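A.B. asks: This is the structure I want to talk about, given as structure tokens.
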Amino acid sequence: MPNLHIAIIGATGGLGSAFVKLLSQDPSNTIYAFARSKIVSVSPNIHGGSIDLADEHSLGRAAEMAASHAPLDLVIVATGILHDATMKPEKTLHELSAVNFERNFWVNTIGPALVAKHFLPKLRRDKRALFAVLSARFGSISDNRLGGWYAYRASKAALNMLIKTASIEVARRQKHTIVVGLHPGTVATRLSKPFQKHIAADKLFNTDYSIAQMLKVLEGLSTEDSGKIFAWDGHPIPY
């Protein structure tokens with residue numbers, strides 16, 4: 001994917017940093033990499049900036065910075081949370097916590113929605129442009145056969161609704177823009193580490209493979225695909 005102006009949100013995470021690494025290998029691309037921690041540029045075509053999903057002013061500043069020289073061709077939102085030092089996915093209703101729900105929704109739903117608010121208008125309008133958010137198969141209501149993981153599932157299902165709704169609005173004034181969700185598969189990152197022992201070896205991907213597959217999916221999309229959720233292998237995931 002050459003000659004692109006790209007913004008990557010969550011650029012220091014396992015998948016976000018891999019997106020930066022792979023896309024910056026083409027010197028014709030210009031990468032704006034944003035995260036809460038300071039980005040240390042390792043290439044002249046990477047421009048780092050700080051961003052906080054809970055601080056909407058920082059999102060606005062980041063969007064202005066990313067589009068200061070040219071409209072964006074691609075925005076990737078690679079933020080997400082499943083667990084941390086004090087939070088883990090719930091197995092039963094008894095484990096539900098308002099704190100866990102708030103944490104999941106802030107990172108997985110509200111943050112990406114505010115990113116869309118500020119970054120979607122910065123996409124180019126004269127030709128194809130992409131806004132891609134990392135979602136998850138666990139956000140599919142119709143594909144839910146195991147239960148559990150209430151807050152995470154709910155936050156990703158809500159994210160999928162936001163993707164669909166934004167795609168409808170954007171199509172009215174940015175007819176070349178494609179808004180999609182991407183499921184990266186189960187990737188060997190910190191997010192999946194506590195659960196990797198239950199994953200078959202051929203179903204646990206390294207980051208480079210997952211990122212390459214998702215970029216291949218993005219390359220093949222048309223405006224008819226806007227609003228949909230796609231897995232790493234290009235197959236659509238039902239809502």
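Residue numbers start at 1 in each chain; chains themselves are named A, B, ... in the order of the structure tokens; ligands are numbered from 1 in the order shown.
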Within 9 Å of Ser222 in chain A, counting only C-alpha atoms, which residues qualify if same-chain residues fewer than 4 places away don't, as a list in words?
C.D. replies: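 Here the qualifying residues turn out to be Arg128, His176, Thr177, Ile178, Leu218 and Ser226 of chain A.
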A.B. asks: Convert the current residue selection to file output with C-alpha atoms, as a CSV table (one decimal), in the first residue's frame.
C.D. replies:
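This went into selection19.csv:
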chain,number,residue,atom,x,y,z
A,128,ARG,CA,-10.7,5.8,-2.0
A,176,HIS,CA,-15.2,7.2,-1.5
A,177,THR,CA,-14.7,6.4,2.2
A,178,ILE,CA,-14.8,2.9,3.5
A,218,LEU,CA,-8.1,-3.6,3.3
A,226,SER,CA,-18.3,-0.1,4.2
A.B. asks: Check range 77-133 of chain A with DSSP on the backbone and list each residue it calls helix (DSSP H, G or I), as a list of chain:residue names.
C.D. replies: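 Across range 77-133 of chain A, those assigned helix (DSSP H, G or I) are A:Leu93, A:His94, A:Glu95, A:Ala98, A:Val99, A:Asn100, A:Phe101, A:Glu102, A:Arg103, A:Asn104, A:Phe105, A:Trp106, A:Val107, A:Asn108, A:Thr109, A:Ile110, A:Gly111, A:Pro112, A:Ala113, A:Leu114, A:Val115, A:Ala116, A:Lys117, A:His118, A:Phe119, A:Leu120, A:Pro121, A:Lys122.
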A.B. asks: Taking N, CA, C and O atoms for each residue, export the selection above as a CSV table (one decimal), in the first residue's frame.
C.D. replies:
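Output file part30.csv is given in full below:
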chain,number,residue,atom,x,y,z
A,93,LEU,N,-22.5,-14.3,35.5
A,93,LEU,CA,-23.2,-13.1,35.8
A,93,LEU,C,-22.8,-12.6,37.2
A,93,LEU,O,-22.7,-11.4,37.5
A,94,HIS,N,-22.4,-13.5,38.1
A,94,HIS,CA,-22.0,-13.2,39.4
A,94,HIS,C,-20.8,-12.3,39.4
A,94,HIS,O,-20.5,-11.5,40.4
A,95,GLU,N,-20.0,-12.4,38.4
A,95,GLU,CA,-18.7,-11.6,38.3
A,95,GLU,C,-18.8,-10.2,37.7
A,95,GLU,O,-17.9,-9.5,37.6
A,98,ALA,N,-19.7,-2.9,37.5
A,98,ALA,CA,-19.9,-1.7,36.8
A,98,ALA,C,-18.5,-1.1,36.4
A,98,ALA,O,-18.4,-0.5,35.3
A,99,VAL,N,-17.5,-1.2,37.2
A,99,VAL,CA,-16.2,-0.7,36.9
A,99,VAL,C,-15.6,-1.4,35.7
A,99,VAL,O,-15.0,-0.7,34.8
A,100,ASN,N,-15.8,-2.7,35.6
A,100,ASN,CA,-15.3,-3.4,34.4
A,100,ASN,C,-16.0,-3.0,33.1
A,100,ASN,O,-15.4,-2.9,32.1
A,101,PHE,N,-17.3,-2.8,33.2
A,101,PHE,CA,-18.1,-2.4,32.1
A,101,PHE,C,-17.6,-1.0,31.6
A,101,PHE,O,-17.4,-0.8,30.4
A,102,GLU,N,-17.4,-0.1,32.6
A,102,GLU,CA,-17.0,1.3,32.2
A,102,GLU,C,-15.6,1.2,31.5
A,102,GLU,O,-15.4,1.9,30.5
A,103,ARG,N,-14.7,0.4,32.1
A,103,ARG,CA,-13.3,0.3,31.5
A,103,ARG,C,-13.4,-0.2,30.1
A,103,ARG,O,-12.7,0.3,29.2
A,104,ASN,N,-14.1,-1.3,29.9
A,104,ASN,CA,-14.2,-1.9,28.6
A,104,ASN,C,-14.9,-0.9,27.6
A,104,ASN,O,-14.4,-0.8,26.4
A,105,PHE,N,-15.9,-0.3,28.0
A,105,PHE,CA,-16.6,0.6,27.0
A,105,PHE,C,-15.8,1.9,26.7
A,105,PHE,O,-15.8,2.4,25.6
A,106,TRP,N,-15.0,2.4,27.7
A,106,TRP,CA,-14.2,3.5,27.4
A,106,TRP,C,-13.1,3.2,26.4
A,106,TRP,O,-13.0,4.0,25.4
A,107,VAL,N,-12.5,2.1,26.5
A,107,VAL,CA,-11.4,1.8,25.6
A,107,VAL,C,-11.9,1.2,24.3
A,107,VAL,O,-11.4,1.6,23.2
A,108,ASN,N,-12.8,0.3,24.4
A,108,ASN,CA,-13.2,-0.5,23.2
A,108,ASN,C,-14.3,0.2,22.3
A,108,ASN,O,-14.5,-0.1,21.2
A,109,THR,N,-15.1,1.1,23.0
A,109,THR,CA,-16.2,1.7,22.3
A,109,THR,C,-16.2,3.2,22.2
A,109,THR,O,-16.1,3.8,21.1
A,110,ILE,N,-16.1,3.9,23.3
A,110,ILE,CA,-16.2,5.3,23.4
A,110,ILE,C,-15.0,6.0,22.7
A,110,ILE,O,-15.1,6.9,21.9
A,111,GLY,N,-13.8,5.5,23.1
A,111,GLY,CA,-12.6,6.0,22.5
A,111,GLY,C,-12.6,5.9,21.0
A,111,GLY,O,-12.4,6.9,20.3
A,112,PRO,N,-12.8,4.7,20.4
A,112,PRO,CA,-12.8,4.7,18.9
A,112,PRO,C,-13.9,5.6,18.3
A,112,PRO,O,-13.7,6.1,17.2
A,113,ALA,N,-15.0,5.7,19.0
A,113,ALA,CA,-16.1,6.6,18.5
A,113,ALA,C,-15.6,8.0,18.4
A,113,ALA,O,-15.9,8.8,17.4
A,114,LEU,N,-14.9,8.5,19.4
A,114,LEU,CA,-14.4,9.9,19.4
A,114,LEU,C,-13.2,10.0,18.4
A,114,LEU,O,-13.1,11.1,17.8
A,115,VAL,N,-12.5,9.0,18.2
A,115,VAL,CA,-11.5,9.0,17.1
A,115,VAL,C,-12.2,9.2,15.8
A,115,VAL,O,-11.7,10.0,15.0
A,116,ALA,N,-13.2,8.5,15.6
A,116,ALA,CA,-14.0,8.6,14.3
A,116,ALA,C,-14.5,10.0,14.2
A,116,ALA,O,-14.5,10.6,13.1
A,117,LYS,N,-15.0,10.6,15.2
A,117,LYS,CA,-15.5,12.0,15.2
A,117,LYS,C,-14.5,12.9,14.6
A,117,LYS,O,-14.8,13.8,13.8
A,118,HIS,N,-13.2,12.8,15.1
A,118,HIS,CA,-12.2,13.8,14.7
A,118,HIS,C,-11.4,13.4,13.5
A,118,HIS,O,-11.0,14.3,12.7
A,119,PHE,N,-11.3,12.1,13.2
A,119,PHE,CA,-10.4,11.7,12.1
A,119,PHE,C,-11.1,11.4,10.8
A,119,PHE,O,-10.6,11.6,9.7
A,120,LEU,N,-12.4,10.9,10.9
A,120,LEU,CA,-13.1,10.7,9.6
A,120,LEU,C,-13.2,11.9,8.7
A,120,LEU,O,-13.0,11.8,7.5
A,121,PRO,N,-13.4,13.1,9.3
A,121,PRO,CA,-13.5,14.3,8.4
A,121,PRO,C,-12.1,14.6,7.7
A,121,PRO,O,-12.1,15.4,6.8
A,122,LYS,N,-11.1,14.0,8.2
A,122,LYS,CA,-9.7,14.3,7.7
A,122,LYS,C,-9.3,13.4,6.6
A,122,LYS,O,-8.2,13.5,6.0
A.B. asks: Excluding range 135-142 of chain A and any residue of its chain fewer than 6 positions from it, enumerate the residues within 6 Å of it, using only C-alpha atoms, and give them as a list in words.
C.D. replies: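 Neighbouring residues, sequence-local ones excluded: Arg153, Lys156, Ala157, Gly181, Leu182, His183 and Tyr239 of chain A.
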A.B. asks: Please save C-alpha atoms of the selected residues as a JSON list (two decimals), in the first residue's frame.
C.D. replies:
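result_25.json was written with the following content:
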[["chain", "number", "residue", "atom", "x", "y", "z"],
["A", 153, "ARG", "CA", -18.50, -8.80, 24.17],
["A", 156, "LYS", "CA", -17.25, -4.86, 20.87],
["A", 157, "ALA", "CA", -20.87, -5.37, 19.79],
["A", 181, "GLY", "CA", -14.04, -3.33, 11.54],
["A", 182, "LEU", "CA", -11.23, -5.89, 11.46],
["A", 183, "HIS", "CA", -10.87, -9.06, 13.49],
["A", 239, "TYR", "CA", -23.30, -8.70, 13.57]]
A.B. asks: Using only C-alpha atoms, I'd like a table of the residues in range 54-163 of chain A that come within 10 Å of range 16-35 of chain A; for each, show the closest atom pair and its distance in Å rounded to one decimal, ordered by chain and ascending number, as JSON lines.
C.D. replies:
{"residue": "A:Leu59", "atom": "CA", "partner": "A:Phe34", "partner_atom": "CA", "distance": 9.5}
{"residue": "A:Ala62", "atom": "CA", "partner": "A:Phe34", "partner_atom": "CA", "distance": 7.6}
{"residue": "A:Ala63", "atom": "CA", "partner": "A:Tyr32", "partner_atom": "CA", "distance": 9.5}
{"residue": "A:Met65", "atom": "CA", "partner": "A:Tyr32", "partner_atom": "CA", "distance": 8.3}
{"residue": "A:Ala66", "atom": "CA", "partner": "A:Tyr32", "partner_atom": "CA", "distance": 5.9}
{"residue": "A:Ala67", "atom": "CA", "partner": "A:Tyr32", "partner_atom": "CA", "distance": 9.2}
{"residue": "A:Leu72", "atom": "CA", "partner": "A:Thr30", "partner_atom": "CA", "distance": 9.6}
{"residue": "A:Leu74", "atom": "CA", "partner": "A:Ile31", "partner_atom": "CA", "distance": 9.6}
{"residue": "A:Val75", "atom": "CA", "partner": "A:Tyr32", "partner_atom": "CA", "distance": 9.4}
{"residue": "A:Ile76", "atom": "CA", "partner": "A:Gly16", "partner_atom": "CA", "distance": 8.3}
{"residue": "A:Val77", "atom": "CA", "partner": "A:Gly16", "partner_atom": "CA", "distance": 8.0}
{"residue": "A:Ala78", "atom": "CA", "partner": "A:Gly16", "partner_atom": "CA", "distance": 5.2}
{"residue": "A:Thr79", "atom": "CA", "partner": "A:Gly16", "partner_atom": "CA", "distance": 7.5}
{"residue": "A:Leu134", "atom": "CA", "partner": "A:Gly16", "partner_atom": "CA", "distance": 9.7}
A.B. asks: Please provide as a PyMOL selection string all residues within 9 Å of range 68-71 of chain A, with the sequence filter that same-chain residues fewer than 6 positions apart are discarded (counting only C-alpha atoms).
C.D. replies: chain A and resi 5+122-125
A.B. asks: Could you give me, as a ChimeraX atom specification, each residue of range 123-196 of chain A that DSSP assigns to strand (DSSP E) when run on this structure's backbone?
C.D. replies: /A:129-134,177-183,186-187
A.B. asks: One number please: CA of Pro238 in chain A to CA of Val170 in chain A, in Å, one decimal.
C.D. replies: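 Interatomic distance here is 21.2 Å.
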A.B. asks: Would you compute the distance between CA of Met161 in chain A and CA of Gly185 in chain A? Give it in Å to one decimal.
C.D. replies: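 Computing the Euclidean distance for CA of Met161 in chain A and CA of Gly185 in chain A yields 19.9 Å.
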A.B. asks: Between A:Ile6, A:Leu15, A:Ile237, A:Asn144, which is the closest to Val187 in chain A once you count only C-alpha atoms?
C.D. replies: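 Ranked by minimum distance to Val187 in chain A, first place goes to A:Leu15.
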A.B. asks: Might you pull out every residue within 8 Å of Met1 in chain A, with only C-alpha atoms counted and same-chain residues fewer than 2 positions away left off, and present them as a list in words?
C.D. replies: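 Once the nearby chain positions are removed, what remains is Asn3, Leu4, Leu23 and Glu219 of chain A.
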A.B. asks: To one decimal in Å, tell me the separation between CA of Asp52 in chain A and CA of Lys38 in chain A.
C.D. replies: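 So the two atoms, CA of Asp52 in chain A and CA of Lys38 in chain A, lie 11.3 Å apart.
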A.B. asks: Restricting the calculation to only C-alpha atoms: of A:Phe230, A:Arg172, A:Gly14, A:Thr92, which residue gets closest to Asp208 in chain A?
C.D. replies: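 Of A:Phe230, A:Arg172, A:Gly14, A:Thr92, the one nearest Asp208 in chain A, counting only C-alpha atoms, is A:Gly14.
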